[in-house]
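Dumped work.cif below, it's mmCIF, N, CA and C atoms:
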data_upload
loop_
_atom_site.label_atom_id
_atom_site.label_comp_id
_atom_site.auth_asym_id
_atom_site.auth_seq_id
_atom_site.Cartn_x
_atom_site.Cartn_y
_atom_site.Cartn_z
N MET A 537 94.96 99.35 59.47
CA MET A 537 96.34 99.34 59.97
C MET A 537 96.34 98.96 61.45
N ASN A 538 97.21 98.05 61.81
CA ASN A 538 97.31 97.60 63.18
C ASN A 538 98.74 97.82 63.66
N PRO A 539 99.05 99.04 64.15
CA PRO A 539 100.43 99.31 64.56
C PRO A 539 100.82 98.50 65.79
N LYS A 540 102.06 98.09 65.80
CA LYS A 540 102.59 97.38 66.96
C LYS A 540 102.94 98.41 68.04
N ILE A 541 102.59 98.08 69.27
CA ILE A 541 102.89 98.95 70.40
C ILE A 541 103.90 98.22 71.27
N ASP A 542 105.09 98.77 71.40
CA ASP A 542 106.11 98.10 72.20
C ASP A 542 105.89 98.36 73.69
N GLU A 543 106.70 97.70 74.52
CA GLU A 543 106.54 97.79 75.98
C GLU A 543 106.66 99.22 76.49
N LEU A 544 107.63 99.99 75.95
CA LEU A 544 107.79 101.37 76.39
C LEU A 544 106.55 102.21 76.07
N ASN A 545 106.00 102.02 74.88
CA ASN A 545 104.79 102.76 74.53
C ASN A 545 103.62 102.38 75.43
N TRP A 546 103.52 101.09 75.80
CA TRP A 546 102.46 100.69 76.73
C TRP A 546 102.65 101.39 78.08
N LYS A 547 103.89 101.51 78.53
CA LYS A 547 104.16 102.20 79.80
C LYS A 547 103.79 103.67 79.69
N ILE A 548 104.12 104.28 78.57
CA ILE A 548 103.78 105.70 78.35
C ILE A 548 102.25 105.86 78.31
N LEU A 549 101.58 104.96 77.60
CA LEU A 549 100.12 105.02 77.53
C LEU A 549 99.48 104.89 78.91
N LYS A 550 100.03 103.99 79.72
CA LYS A 550 99.50 103.82 81.08
C LYS A 550 99.62 105.13 81.86
N GLN A 551 100.78 105.76 81.77
CA GLN A 551 100.99 107.03 82.48
C GLN A 551 100.02 108.10 81.99
N LEU A 552 99.86 108.22 80.68
CA LEU A 552 98.97 109.23 80.12
C LEU A 552 97.51 108.96 80.46
N GLN A 553 97.12 107.68 80.51
CA GLN A 553 95.74 107.35 80.86
C GLN A 553 95.48 107.63 82.33
N ASP A 554 96.50 107.50 83.17
CA ASP A 554 96.34 107.84 84.58
C ASP A 554 96.25 109.35 84.78
N ASN A 555 97.06 110.09 84.01
CA ASN A 555 97.09 111.55 84.12
C ASN A 555 97.61 112.13 82.81
N ALA A 556 96.71 112.57 81.96
CA ALA A 556 97.08 113.09 80.64
C ALA A 556 97.87 114.39 80.73
N ARG A 557 97.88 115.02 81.91
CA ARG A 557 98.61 116.27 82.08
C ARG A 557 100.02 116.05 82.65
N GLU A 558 100.38 114.80 82.85
CA GLU A 558 101.72 114.49 83.36
C GLU A 558 102.78 115.00 82.40
N SER A 559 103.84 115.55 82.92
CA SER A 559 104.90 116.08 82.06
C SER A 559 105.68 114.94 81.41
N PHE A 560 106.20 115.21 80.22
CA PHE A 560 107.02 114.21 79.54
C PHE A 560 108.26 113.89 80.37
N ALA A 561 108.76 114.87 81.11
CA ALA A 561 109.93 114.63 81.97
C ALA A 561 109.61 113.59 83.04
N ASN A 562 108.46 113.73 83.70
CA ASN A 562 108.08 112.76 84.74
C ASN A 562 107.80 111.39 84.14
N ILE A 563 107.12 111.36 83.00
CA ILE A 563 106.88 110.08 82.34
C ILE A 563 108.21 109.43 81.98
N GLY A 564 109.13 110.23 81.45
CA GLY A 564 110.44 109.72 81.08
C GLY A 564 111.18 109.12 82.25
N ARG A 565 111.12 109.79 83.40
CA ARG A 565 111.77 109.26 84.60
C ARG A 565 111.16 107.90 84.98
N ASN A 566 109.87 107.77 84.82
CA ASN A 566 109.19 106.53 85.21
C ASN A 566 109.43 105.38 84.24
N VAL A 567 109.69 105.70 82.96
CA VAL A 567 109.85 104.62 81.97
C VAL A 567 111.29 104.48 81.48
N GLY A 568 112.18 105.36 81.94
CA GLY A 568 113.59 105.25 81.56
C GLY A 568 113.94 105.91 80.24
N LEU A 569 113.26 107.00 79.90
CA LEU A 569 113.55 107.74 78.67
C LEU A 569 113.72 109.22 78.98
N THR A 570 114.28 109.94 78.03
CA THR A 570 114.36 111.39 78.17
C THR A 570 113.01 112.00 77.79
N ALA A 571 112.79 113.24 78.23
CA ALA A 571 111.54 113.92 77.88
C ALA A 571 111.37 114.04 76.36
N PRO A 572 112.42 114.41 75.59
CA PRO A 572 112.24 114.48 74.14
C PRO A 572 111.90 113.13 73.51
N ALA A 573 112.46 112.04 74.05
CA ALA A 573 112.14 110.71 73.53
C ALA A 573 110.67 110.36 73.80
N VAL A 574 110.19 110.72 74.99
CA VAL A 574 108.77 110.48 75.31
C VAL A 574 107.90 111.32 74.37
N ALA A 575 108.25 112.59 74.19
CA ALA A 575 107.49 113.48 73.31
C ALA A 575 107.41 112.92 71.89
N GLU A 576 108.52 112.39 71.41
CA GLU A 576 108.55 111.82 70.06
C GLU A 576 107.64 110.60 69.95
N ARG A 577 107.68 109.74 70.97
CA ARG A 577 106.83 108.55 70.96
C ARG A 577 105.35 108.93 71.06
N VAL A 578 105.03 109.90 71.90
CA VAL A 578 103.64 110.35 72.04
C VAL A 578 103.15 110.94 70.72
N LYS A 579 103.96 111.77 70.09
CA LYS A 579 103.59 112.38 68.80
C LYS A 579 103.33 111.30 67.76
N LYS A 580 104.18 110.28 67.73
CA LYS A 580 104.00 109.20 66.76
C LYS A 580 102.71 108.45 67.04
N MET A 581 102.40 108.19 68.33
CA MET A 581 101.16 107.49 68.66
C MET A 581 99.94 108.36 68.32
N GLU A 582 100.06 109.66 68.46
CA GLU A 582 98.98 110.57 68.04
C GLU A 582 98.80 110.49 66.52
N ASP A 583 99.91 110.56 65.79
CA ASP A 583 99.86 110.52 64.32
C ASP A 583 99.26 109.21 63.80
N LEU A 584 99.53 108.11 64.51
CA LEU A 584 99.01 106.80 64.11
C LEU A 584 97.55 106.60 64.53
N GLY A 585 97.03 107.52 65.34
CA GLY A 585 95.65 107.38 65.80
C GLY A 585 95.49 106.49 67.01
N ILE A 586 96.61 106.11 67.63
CA ILE A 586 96.54 105.31 68.86
C ILE A 586 96.03 106.20 70.00
N ILE A 587 96.60 107.39 70.12
CA ILE A 587 96.11 108.39 71.07
C ILE A 587 95.14 109.27 70.30
N LEU A 588 93.89 109.27 70.75
CA LEU A 588 92.84 109.98 70.02
C LEU A 588 92.61 111.40 70.52
N GLY A 589 93.09 111.72 71.70
CA GLY A 589 92.88 113.06 72.23
C GLY A 589 93.03 113.08 73.73
N TYR A 590 92.77 114.25 74.30
CA TYR A 590 92.90 114.47 75.74
C TYR A 590 91.66 115.23 76.20
N LYS A 591 91.05 114.81 77.30
CA LYS A 591 89.83 115.44 77.78
C LYS A 591 89.87 115.59 79.29
N ALA A 592 89.07 116.55 79.77
CA ALA A 592 88.88 116.73 81.20
C ALA A 592 87.74 115.81 81.66
N LYS A 593 87.88 115.21 82.82
CA LYS A 593 86.81 114.43 83.41
C LYS A 593 85.97 115.39 84.26
N VAL A 594 84.67 115.43 84.02
CA VAL A 594 83.79 116.38 84.68
C VAL A 594 82.78 115.62 85.54
N SER A 595 82.55 116.10 86.74
CA SER A 595 81.56 115.50 87.64
C SER A 595 80.17 115.92 87.19
N HIS A 596 79.39 114.95 86.76
CA HIS A 596 78.03 115.26 86.34
C HIS A 596 77.20 115.74 87.53
N ALA A 597 77.38 115.12 88.67
CA ALA A 597 76.59 115.48 89.85
C ALA A 597 76.87 116.93 90.27
N LEU A 598 78.13 117.35 90.21
CA LEU A 598 78.47 118.71 90.64
C LEU A 598 78.15 119.77 89.60
N THR A 599 77.72 119.34 88.41
CA THR A 599 77.27 120.29 87.40
C THR A 599 75.74 120.31 87.31
N GLY A 600 75.07 119.74 88.29
CA GLY A 600 73.62 119.81 88.35
C GLY A 600 72.89 118.65 87.70
N HIS A 601 73.61 117.62 87.29
CA HIS A 601 72.99 116.44 86.68
C HIS A 601 72.96 115.33 87.71
N GLN A 602 71.88 115.26 88.47
CA GLN A 602 71.80 114.35 89.61
C GLN A 602 71.43 112.92 89.23
N LEU A 603 71.03 112.72 87.98
CA LEU A 603 70.55 111.41 87.56
C LEU A 603 71.35 110.93 86.36
N LYS A 604 71.84 109.71 86.45
CA LYS A 604 72.51 109.07 85.32
C LYS A 604 71.72 107.82 84.98
N ALA A 605 71.53 107.57 83.68
CA ALA A 605 70.74 106.41 83.27
C ALA A 605 71.35 105.78 82.03
N ILE A 606 71.06 104.51 81.87
CA ILE A 606 71.37 103.77 80.65
C ILE A 606 70.03 103.53 79.97
N ILE A 607 69.92 103.97 78.75
CA ILE A 607 68.67 103.82 78.01
C ILE A 607 68.95 103.02 76.74
N THR A 608 68.15 101.98 76.52
CA THR A 608 68.25 101.25 75.27
C THR A 608 67.08 101.65 74.39
N LEU A 609 67.31 101.59 73.10
CA LEU A 609 66.27 101.93 72.13
C LEU A 609 66.16 100.80 71.12
N ARG A 610 64.95 100.34 70.94
CA ARG A 610 64.64 99.38 69.87
C ARG A 610 63.87 100.17 68.83
N ALA A 611 64.56 100.53 67.76
CA ALA A 611 64.00 101.46 66.78
C ALA A 611 62.84 100.85 66.01
N PHE A 612 61.84 101.69 65.75
CA PHE A 612 60.74 101.30 64.88
C PHE A 612 61.27 101.19 63.46
N MET A 613 60.57 100.45 62.61
CA MET A 613 60.94 100.28 61.20
C MET A 613 61.11 101.67 60.56
N GLY A 614 62.27 101.89 59.96
CA GLY A 614 62.52 103.15 59.26
C GLY A 614 62.91 104.31 60.16
N LYS A 615 63.06 104.07 61.46
CA LYS A 615 63.36 105.17 62.39
C LYS A 615 64.81 105.18 62.90
N LEU A 616 65.59 104.15 62.56
CA LEU A 616 66.96 104.11 63.07
C LEU A 616 67.81 105.22 62.45
N LYS A 617 67.77 105.37 61.14
CA LYS A 617 68.59 106.41 60.49
C LYS A 617 68.20 107.81 60.95
N PRO A 618 66.89 108.14 61.04
CA PRO A 618 66.56 109.46 61.58
C PRO A 618 67.06 109.66 63.01
N PHE A 619 67.00 108.60 63.83
CA PHE A 619 67.51 108.71 65.20
C PHE A 619 69.02 108.96 65.20
N LEU A 620 69.75 108.22 64.37
CA LEU A 620 71.21 108.39 64.31
C LEU A 620 71.58 109.81 63.87
N ALA A 621 70.73 110.45 63.09
CA ALA A 621 70.99 111.82 62.67
C ALA A 621 70.73 112.81 63.81
N VAL A 622 69.80 112.48 64.71
CA VAL A 622 69.40 113.39 65.79
C VAL A 622 70.26 113.23 67.04
N VAL A 623 70.68 112.02 67.35
CA VAL A 623 71.33 111.74 68.64
C VAL A 623 72.58 112.59 68.91
N PRO A 624 73.39 112.97 67.92
CA PRO A 624 74.54 113.83 68.25
C PRO A 624 74.13 115.19 68.83
N ASN A 625 72.89 115.60 68.61
CA ASN A 625 72.42 116.89 69.11
C ASN A 625 71.71 116.80 70.46
N LEU A 626 71.56 115.61 70.99
CA LEU A 626 70.90 115.43 72.28
C LEU A 626 71.94 115.66 73.38
N GLN A 627 71.85 116.79 74.05
CA GLN A 627 72.87 117.18 75.03
C GLN A 627 72.94 116.25 76.23
N GLU A 628 71.90 115.53 76.50
CA GLU A 628 71.89 114.60 77.64
C GLU A 628 72.75 113.37 77.41
N VAL A 629 73.01 113.05 76.15
CA VAL A 629 73.71 111.81 75.81
C VAL A 629 75.23 112.01 75.93
N VAL A 630 75.86 111.24 76.82
CA VAL A 630 77.32 111.32 76.97
C VAL A 630 78.03 110.19 76.24
N ASN A 631 77.34 109.08 76.03
CA ASN A 631 77.86 107.97 75.23
C ASN A 631 76.69 107.30 74.52
N CYS A 632 76.93 106.87 73.30
CA CYS A 632 75.89 106.18 72.54
C CYS A 632 76.55 105.12 71.68
N TYR A 633 75.98 103.93 71.70
CA TYR A 633 76.53 102.79 70.97
C TYR A 633 75.44 102.15 70.13
N ARG A 634 75.77 101.79 68.90
CA ARG A 634 74.89 100.97 68.07
C ARG A 634 75.29 99.53 68.35
N ILE A 635 74.31 98.69 68.66
CA ILE A 635 74.60 97.35 69.16
C ILE A 635 73.84 96.28 68.37
N THR A 636 74.20 95.03 68.62
CA THR A 636 73.46 93.89 68.07
C THR A 636 72.47 93.42 69.12
N GLY A 637 71.57 92.57 68.72
CA GLY A 637 70.59 92.03 69.66
C GLY A 637 69.21 92.63 69.41
N ASN A 638 68.33 92.52 70.41
CA ASN A 638 66.96 93.02 70.27
C ASN A 638 66.89 94.54 70.18
N GLU A 639 67.77 95.23 70.89
CA GLU A 639 67.81 96.68 70.81
C GLU A 639 68.85 97.10 69.79
N ASN A 640 68.72 98.33 69.30
CA ASN A 640 69.66 98.87 68.33
C ASN A 640 70.67 99.81 68.95
N ILE A 641 70.28 100.47 70.04
CA ILE A 641 71.05 101.56 70.61
C ILE A 641 71.14 101.41 72.12
N VAL A 642 72.31 101.72 72.68
CA VAL A 642 72.49 101.88 74.12
C VAL A 642 73.07 103.28 74.33
N MET A 643 72.43 104.05 75.21
CA MET A 643 72.90 105.40 75.51
C MET A 643 73.16 105.54 77.00
N GLU A 644 74.21 106.26 77.32
CA GLU A 644 74.44 106.70 78.69
C GLU A 644 74.06 108.17 78.71
N VAL A 645 73.13 108.53 79.60
CA VAL A 645 72.64 109.90 79.64
C VAL A 645 72.76 110.46 81.05
N VAL A 646 72.89 111.78 81.13
CA VAL A 646 72.89 112.47 82.42
C VAL A 646 71.75 113.50 82.38
N LEU A 647 71.03 113.55 83.49
CA LEU A 647 69.83 114.37 83.56
C LEU A 647 69.75 115.09 84.90
N LYS A 648 68.97 116.17 84.94
CA LYS A 648 68.84 116.93 86.18
C LYS A 648 68.05 116.17 87.24
N ASP A 649 66.95 115.54 86.83
CA ASP A 649 66.07 114.85 87.78
C ASP A 649 65.13 113.95 87.01
N GLN A 650 64.17 113.32 87.72
CA GLN A 650 63.26 112.39 87.07
C GLN A 650 62.32 113.10 86.09
N PHE A 651 62.04 114.37 86.30
CA PHE A 651 61.19 115.11 85.37
C PHE A 651 61.93 115.34 84.05
N HIS A 652 63.20 115.62 84.15
CA HIS A 652 64.04 115.76 82.96
C HIS A 652 64.10 114.42 82.21
N LEU A 653 64.22 113.33 82.96
CA LEU A 653 64.22 111.99 82.36
C LEU A 653 62.92 111.75 81.60
N GLU A 654 61.80 112.10 82.21
CA GLU A 654 60.51 111.89 81.55
C GLU A 654 60.42 112.67 80.24
N ARG A 655 60.85 113.93 80.25
CA ARG A 655 60.84 114.74 79.02
C ARG A 655 61.78 114.15 77.96
N PHE A 656 62.93 113.63 78.41
CA PHE A 656 63.89 113.04 77.48
C PHE A 656 63.31 111.79 76.83
N ILE A 657 62.69 110.93 77.62
CA ILE A 657 62.07 109.72 77.07
C ILE A 657 60.96 110.09 76.09
N ASP A 658 60.21 111.13 76.42
CA ASP A 658 59.16 111.58 75.51
C ASP A 658 59.73 111.97 74.14
N GLN A 659 60.95 112.49 74.12
CA GLN A 659 61.60 112.82 72.85
C GLN A 659 61.97 111.55 72.08
N LEU A 660 62.33 110.50 72.82
CA LEU A 660 62.82 109.28 72.18
C LEU A 660 61.72 108.38 71.64
N ILE A 661 60.54 108.41 72.23
CA ILE A 661 59.53 107.40 71.89
C ILE A 661 59.04 107.50 70.45
N GLN A 662 59.28 108.61 69.78
CA GLN A 662 58.91 108.67 68.36
C GLN A 662 59.81 107.79 67.50
N TYR A 663 60.98 107.42 68.04
CA TYR A 663 61.94 106.61 67.28
C TYR A 663 61.86 105.13 67.59
N GLY A 664 61.29 104.78 68.75
CA GLY A 664 61.21 103.37 69.08
C GLY A 664 60.87 103.13 70.53
N GLU A 665 60.96 101.88 70.92
CA GLU A 665 60.66 101.45 72.29
C GLU A 665 61.90 101.61 73.14
N THR A 666 61.75 102.25 74.30
CA THR A 666 62.90 102.48 75.17
C THR A 666 62.80 101.62 76.44
N ARG A 667 63.96 101.36 77.01
CA ARG A 667 64.07 100.75 78.34
C ARG A 667 65.09 101.58 79.10
N THR A 668 64.74 101.93 80.31
CA THR A 668 65.59 102.81 81.10
C THR A 668 66.09 102.09 82.34
N HIS A 669 67.37 102.26 82.61
CA HIS A 669 68.00 101.69 83.80
C HIS A 669 68.69 102.85 84.53
N ILE A 670 68.28 103.12 85.75
CA ILE A 670 68.89 104.19 86.54
C ILE A 670 70.22 103.68 87.11
N VAL A 671 71.27 104.45 86.96
CA VAL A 671 72.58 104.08 87.49
C VAL A 671 72.62 104.45 88.97
N LEU A 672 72.88 103.47 89.82
CA LEU A 672 73.01 103.71 91.25
C LEU A 672 74.42 104.16 91.62
N SER A 673 75.40 103.50 91.03
CA SER A 673 76.79 103.88 91.28
C SER A 673 77.64 103.38 90.12
N GLN A 674 78.80 103.97 89.98
CA GLN A 674 79.71 103.59 88.91
C GLN A 674 80.79 102.69 89.50
N VAL A 675 80.90 101.51 88.97
CA VAL A 675 81.86 100.53 89.48
C VAL A 675 83.22 100.73 88.82
N ILE A 676 83.24 100.92 87.51
CA ILE A 676 84.46 101.17 86.75
C ILE A 676 84.19 102.34 85.82
N SER A 677 85.13 103.26 85.75
CA SER A 677 84.97 104.41 84.86
C SER A 677 86.26 104.64 84.08
N ASN A 678 86.14 104.63 82.77
CA ASN A 678 87.28 104.93 81.91
C ASN A 678 88.53 104.14 82.30
N ALA A 679 88.37 102.85 82.47
CA ALA A 679 89.51 102.00 82.81
C ALA A 679 90.57 102.11 81.71
N PRO A 680 91.83 102.17 82.08
CA PRO A 680 92.87 102.31 81.06
C PRO A 680 92.99 101.06 80.20
N MET A 681 93.39 101.28 78.94
CA MET A 681 93.67 100.18 78.03
C MET A 681 94.99 99.54 78.47
N HIS A 682 95.05 98.23 78.40
CA HIS A 682 96.25 97.50 78.76
C HIS A 682 96.65 96.58 77.61
N LYS A 683 97.87 96.22 77.62
CA LYS A 683 98.35 95.24 76.64
C LYS A 683 97.64 93.93 76.92
N ILE A 684 97.09 93.34 75.86
CA ILE A 684 96.43 92.05 75.99
C ILE A 684 97.49 90.98 75.90
N LEU A 685 97.54 90.15 76.90
CA LEU A 685 98.58 89.11 76.97
C LEU A 685 98.20 87.91 76.18
#
Would you mind writing the file out in structure tokens?
Amino acid sequence: MNPKIDELNWKILKQLQDNARESFANIGRNVGLTAPAVAERVKKMEDLGIILGYKAKVSHALTGHQLKAIITLRAFMGKLKPFLAVVPNLQEVVNCYRITGNENIVMEVVLKDQFHLERFIDQLIQYGETRTHIVLSQVISNAPMHKIL
């Protein structure tokens, strides 16, 4: 199903992506609707699966995770399915993607330090060959979805 999103819904989505805690009254003032009309549109977008949920953004550095890395995995023969079963339980993994190309997996991980990274890689090597890229800084984070012109 590919629901059509009208201009007002795009404006509402922009507001919610900027601040998911914004009141429907404030969103309504910004887009020219009443709070109940905004609430109805948001509920419909939730029901359609356009809005998937609401989350808090947490600072990894301020929670003791001083190292962020991108790790790719090229799974050994017969090891991809076992890895896919294990990865949801790896607390270090904040995002994981199955991809095309030479590697099978790309993970974004947060770790306490380089010793934690070494232990984490040691867990992964039974599943395949890894490549690690240390993140120096984040250029774009959770950029809002926009209407494609």
With only C-alpha atoms as the atoms that count, which of A:Leu660, A:Ile607, A:Leu584, A:Leu672 lies nearest to Ile641 of chain A?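 Residue with the minimum atom-to-atom distance to Ile641 of chain A: A:Ile607.
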Atom pair atom CA of Ser559 of chain A + atom CA of Val594 of chain A, distance 21.3 Å
Which residues in segment 543-667 of chain A does DSSP call helix (DSSP H, G or I)? List them as number ranges by chain. A: 543-554, 560-567, 571-583, 597-599, 616-625, 650-660
For the file shown, what are the residues hit by the PyMOL selection byres ((chain A and resi 540-552) around 8), laid out as a list in words?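 Selected by the PyMOL selection byres ((chain A and resi 540-552) around 8) here: Met537, Asn538, Pro539, Gln553, Asp554, Asn555, Ala556, Arg557, Glu558, Ile563, Gly564, Asn566, Val567, Val574, Arg577, Val578, Pro680, Met681, His682 and Lys683 of chain A.
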Expanded to explicit residues, what is the PyMOL selection byres ((chain A and resi 633) around 7) for this file, as a list in words? Asn631, Cys632, Arg634, Ile635, Asn640, Ile641, Val642, Met643 and Glu644 of chain A
Excluding segment 611-620 of chain A and any residue of its chain fewer than 6 positions from it, enumerate the residues within 5 Å of it, using all atoms listed in the file, and give them as a ChimeraX atom specification. /A:640,663-665
With distances taken over only C-alpha atoms, which residue among A:His596, A:Lys604, A:His652, A:Lys591 lies nearest Val671 of chain A?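 That would be A:Lys604, the residue with the smallest distance to Val671 of chain A.
From atom CA of Ile670 of chain A back to atom C of Gln627 of chain A, the distance works out to 16.4 Å.
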I'd like the interatomic distance between atom CA of Val630 of chain A and atom CA of Val646 of chain A, to a tenth of an Å. 7.1 Å
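Ranking A:Gln602, A:Asn625, A:Gln662, A:Ser677 by their shortest atom-to-atom distance to Asp649 of chain A, with only C-alpha atoms included, puts A:Gln602 first.
With all atoms listed in the file as the basis for measurement, A:Leu609 is the residue among A:Leu647, A:Leu626, A:Leu609, A:Leu653 that approaches Thr666 of chain A most closely.
Distances to Ala605 of chain A were evaluated for A:Asn678, A:Asn638, A:Gln650, A:Gln659 using only C-alpha atoms, and the minimum falls at A:Gln650.
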Got a sec to tell me which of segment 559-629 of chain A DSSP assigns to strand (DSSP E), as a PyMOL selection string? chain A and resi 603-611+629
Using only the atoms of segment 645-663 of chain A listed in the file, plus 8 Å on each side, state the axis-aligned box centre and edge lengths in Å rounded to one decimal, as AutoDock Vina command-line options.
--center_x 66.0 --center_y 111.0 --center_z 77.5 --size_x 30.2 --size_y 27.8 --size_z 36.5
Which residue gives the smallest distance to Thr668 of chain A among A:Val622, A:Phe651, A:Ile606, A:Gly600, with only C-alpha atoms counted?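 So, comparing all the options, the nearest one is A:Ile606.
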